[in-house]
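Trainee: Here you go, one structure.
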Amino acid sequence: MSAINMDLDKRFNFNFKKKVTIGGKTYNVVFNDAMDQALLDLQVEMQDFYDRQTKKTDEFEEMTVDQRKKYLANQYKQVVHDAEETLDEVLGVQGAGKAIYKYYDEQSYALFKTIQALREEKEKLDGTAKEQQRQKHQARIAQYTGQKERVKDNANTNKKRPK
């Protein structure tokens, strides 16, 4: 009996390490599961922040205007802080998030777009983006062919009717 030899390293050629330049500095980033989890955690926190801002609660309604302003400012500062910490973790350098925030004139939009770009790159590297595109394509096919089937069924029904 002969042995089958396979070198999967040559077949897959995985490379999840990339150099990322942002805020005037270059970082060596490993696009791995820990990075993905950090980005997902931040996404959940940001969604929670948004949900709390859009839902009316008795506690918020009872606040004065100044209390509301202070509450919202503190909540927003916390989201920015969390984004900075996540970037520190993802980029592997303590203070990287704050440096990016300062480099882009303390604009939180820059932090959020950086995080979005990192997430998109990770999805390209691990094939998630390709799978999502395939699923969208399959859904469009199903929708299109489903409509065609309804048209065909309707035509067949009309043929069966006596004239």
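Ligands are numbered from 1 in the order shown, residues from 1 within each chain, and chains are lettered A, B, ... in the order they appear in the structure tokens.
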What's the 12 Å shell around Glu59 of chain A, counting only C-alpha atoms, without same-chain residues fewer than 6 positions away, as a JSON list (two decimals) with all heavy atoms, in the first residue's frame?

Mentor:
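Okay, part22.json is ready:
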```json
[["chain", "number", "residue", "atom", "x", "y", "z"],
["A", 52, "ARG", "N", -29.17, 52.66, 22.92],
["A", 52, "ARG", "CA", -29.49, 53.46, 24.12],
["A", 52, "ARG", "C", -29.82, 54.90, 23.77],
["A", 52, "ARG", "O", -30.59, 55.54, 24.45],
["A", 52, "ARG", "CB", -28.34, 53.41, 25.12],
["A", 52, "ARG", "CG", -28.31, 52.09, 25.89],
["A", 52, "ARG", "CD", -27.26, 52.10, 26.95],
["A", 52, "ARG", "NE", -25.99, 51.81, 26.28],
["A", 52, "ARG", "CZ", -24.81, 52.29, 26.66],
["A", 52, "ARG", "NH1", -24.72, 53.07, 27.71],
["A", 52, "ARG", "NH2", -23.71, 51.99, 25.99],
["A", 67, "GLN", "N", -28.35, 67.47, 32.12],
["A", 67, "GLN", "CA", -28.03, 66.09, 32.49],
["A", 67, "GLN", "C", -27.99, 65.20, 31.24],
["A", 67, "GLN", "O", -27.13, 64.34, 31.12],
["A", 67, "GLN", "CB", -29.06, 65.54, 33.48],
["A", 67, "GLN", "CG", -28.96, 66.14, 34.87],
["A", 67, "GLN", "CD", -30.12, 65.71, 35.76],
["A", 67, "GLN", "OE1", -31.25, 65.54, 35.30],
["A", 67, "GLN", "NE2", -29.82, 65.55, 37.05],
["A", 68, "ARG", "N", -28.92, 65.43, 30.33],
["A", 68, "ARG", "CA", -28.92, 64.65, 29.09],
["A", 68, "ARG", "C", -27.66, 64.90, 28.28],
["A", 68, "ARG", "O", -27.05, 63.97, 27.75],
["A", 68, "ARG", "CB", -30.15, 65.01, 28.24],
["A", 68, "ARG", "CG", -31.44, 64.50, 28.78],
["A", 68, "ARG", "CD", -32.59, 64.90, 27.88],
["A", 68, "ARG", "NE", -33.86, 64.55, 28.49],
["A", 68, "ARG", "CZ", -35.03, 64.82, 27.96],
["A", 68, "ARG", "NH1", -35.10, 65.45, 26.80],
["A", 68, "ARG", "NH2", -36.15, 64.48, 28.57],
["A", 71, "TYR", "N", -24.79, 63.19, 29.98],
["A", 71, "TYR", "CA", -24.92, 61.74, 29.82],
["A", 71, "TYR", "C", -24.49, 61.30, 28.43],
["A", 71, "TYR", "O", -23.70, 60.38, 28.27],
["A", 71, "TYR", "CB", -26.38, 61.33, 30.09],
["A", 71, "TYR", "CG", -26.69, 59.90, 29.73],
["A", 71, "TYR", "CD1", -26.29, 58.86, 30.56],
["A", 71, "TYR", "CD2", -27.35, 59.59, 28.55],
["A", 71, "TYR", "CE1", -26.57, 57.54, 30.23],
["A", 71, "TYR", "CE2", -27.63, 58.27, 28.20],
["A", 71, "TYR", "CZ", -27.23, 57.25, 29.05],
["A", 71, "TYR", "OH", -27.49, 55.95, 28.71]]
```

Trainee: Between atom CA of Asn32 of chain A and atom CA of Asp126 of chain A, measure the distance and give it in Å to one decimal.

Mentor: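 Between atom CA of Asn32 of chain A and atom CA of Asp126 of chain A the gap is 8.8 Å.
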
Trainee: Once DSSP has gone over the backbone, tell me which residues of chain A are in strand (DSSP E or B), as a ChimeraX atom specification.

Mentor: /A:17-22,25-30

Trainee: Just the selected residues (all heavy atoms), exported as a compact mmCIF listing (two decimals), in the first residue's frame, please.

Mentor:
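Written out: selection34.txt:
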```
# COMPACT_ATOMS: atom_id res chain seq x y z
N LYS A 17 -0.79 37.90 7.89
CA LYS A 17 -0.02 39.02 8.43
C LYS A 17 0.12 40.07 7.34
O LYS A 17 0.49 39.77 6.21
CB LYS A 17 1.36 38.55 8.87
CG LYS A 17 1.32 37.55 10.00
CD LYS A 17 2.70 37.04 10.33
CE LYS A 17 2.58 35.95 11.39
NZ LYS A 17 3.83 35.27 11.62
N LYS A 18 -0.21 41.31 7.70
CA LYS A 18 -0.13 42.41 6.74
C LYS A 18 0.45 43.64 7.43
O LYS A 18 0.28 43.84 8.62
CB LYS A 18 -1.53 42.79 6.22
CG LYS A 18 -2.23 41.70 5.46
CD LYS A 18 -1.69 41.58 4.07
CE LYS A 18 -2.45 40.50 3.32
NZ LYS A 18 -1.92 40.22 2.05
N LYS A 19 1.10 44.46 6.63
CA LYS A 19 1.55 45.77 7.11
C LYS A 19 0.41 46.75 6.85
O LYS A 19 -0.12 46.81 5.74
CB LYS A 19 2.81 46.21 6.40
CG LYS A 19 4.04 45.42 6.81
CD LYS A 19 5.29 46.06 6.23
CE LYS A 19 6.52 45.26 6.58
NZ LYS A 19 6.88 45.31 7.97
N VAL A 20 0.06 47.49 7.87
CA VAL A 20 -1.04 48.45 7.77
C VAL A 20 -0.48 49.82 8.13
O VAL A 20 0.10 50.00 9.21
CB VAL A 20 -2.19 48.08 8.73
CG1 VAL A 20 -3.27 49.14 8.74
CG2 VAL A 20 -2.77 46.72 8.37
N THR A 21 -0.68 50.79 7.25
CA THR A 21 -0.25 52.16 7.53
C THR A 21 -1.49 53.00 7.79
O THR A 21 -2.39 53.06 6.95
CB THR A 21 0.56 52.73 6.35
OG1 THR A 21 1.67 51.89 6.10
CG2 THR A 21 1.04 54.14 6.67
N ILE A 22 -1.51 53.61 8.95
CA ILE A 22 -2.63 54.48 9.34
C ILE A 22 -2.11 55.53 10.32
O ILE A 22 -1.28 55.22 11.17
CB ILE A 22 -3.81 53.66 9.95
CG1 ILE A 22 -5.01 54.56 10.28
CG2 ILE A 22 -3.38 52.92 11.17
CD1 ILE A 22 -5.77 55.03 9.11
N LYS A 25 1.80 55.98 10.65
CA LYS A 25 2.66 54.91 11.18
C LYS A 25 2.28 53.59 10.54
O LYS A 25 1.14 53.39 10.13
CB LYS A 25 2.50 54.79 12.70
CG LYS A 25 3.02 56.01 13.45
CD LYS A 25 2.96 55.80 14.94
CE LYS A 25 3.47 57.05 15.65
NZ LYS A 25 3.42 56.91 17.08
N THR A 26 3.25 52.69 10.48
CA THR A 26 3.02 51.36 9.91
C THR A 26 3.02 50.34 11.03
O THR A 26 3.90 50.36 11.90
CB THR A 26 4.11 51.02 8.88
OG1 THR A 26 4.06 52.01 7.85
CG2 THR A 26 3.87 49.65 8.27
N TYR A 27 2.03 49.46 10.99
CA TYR A 27 1.87 48.42 12.00
C TYR A 27 1.87 47.06 11.32
O TYR A 27 1.41 46.94 10.19
CB TYR A 27 0.53 48.59 12.75
CG TYR A 27 0.37 49.94 13.40
CD1 TYR A 27 -0.25 50.99 12.71
CD2 TYR A 27 0.82 50.18 14.69
CE1 TYR A 27 -0.41 52.23 13.31
CE2 TYR A 27 0.66 51.42 15.28
CZ TYR A 27 0.05 52.44 14.58
OH TYR A 27 -0.10 53.67 15.17
N ASN A 28 2.40 46.07 12.02
CA ASN A 28 2.32 44.69 11.56
C ASN A 28 1.11 44.06 12.22
O ASN A 28 1.10 43.87 13.43
CB ASN A 28 3.59 43.91 11.92
CG ASN A 28 4.79 44.45 11.17
OD1 ASN A 28 4.72 44.67 9.97
ND2 ASN A 28 5.89 44.67 11.87
N VAL A 29 0.10 43.76 11.44
CA VAL A 29 -1.17 43.27 11.97
C VAL A 29 -1.36 41.81 11.59
O VAL A 29 -1.12 41.43 10.45
CB VAL A 29 -2.36 44.11 11.44
CG1 VAL A 29 -3.68 43.59 11.96
CG2 VAL A 29 -2.19 45.57 11.81
N VAL A 30 -1.79 41.03 12.57
CA VAL A 30 -2.14 39.63 12.32
C VAL A 30 -3.65 39.56 12.31
O VAL A 30 -4.31 39.85 13.32
CB VAL A 30 -1.55 38.70 13.40
CG1 VAL A 30 -1.97 37.27 13.13
CG2 VAL A 30 -0.04 38.82 13.45
```

Trainee: Could you give me, as JSON, numbers by chain, the residues within 12 Å of Gly24 of chain A, counting only C-alpha atoms and dropping anything in the same chain fewer than 4 positions from it?

Mentor: {"A": [20, 96, 99, 100, 101, 102, 103, 104]}

Trainee: Could you find all residues in segment 52-82 of chain A that DSSP calls alpha helix (DSSP H) from the backbone, and write them as a list in words?

Mentor: Arg52, Gln53, Thr54, Asp58, Glu59, Phe60, Glu61, Glu62, Val65, Asp66, Gln67, Arg68, Lys69, Lys70, Tyr71, Leu72, Ala73, Asn74, Gln75, Tyr76, Lys77, Gln78, Val79, Val80, His81 and Asp82 of chain A
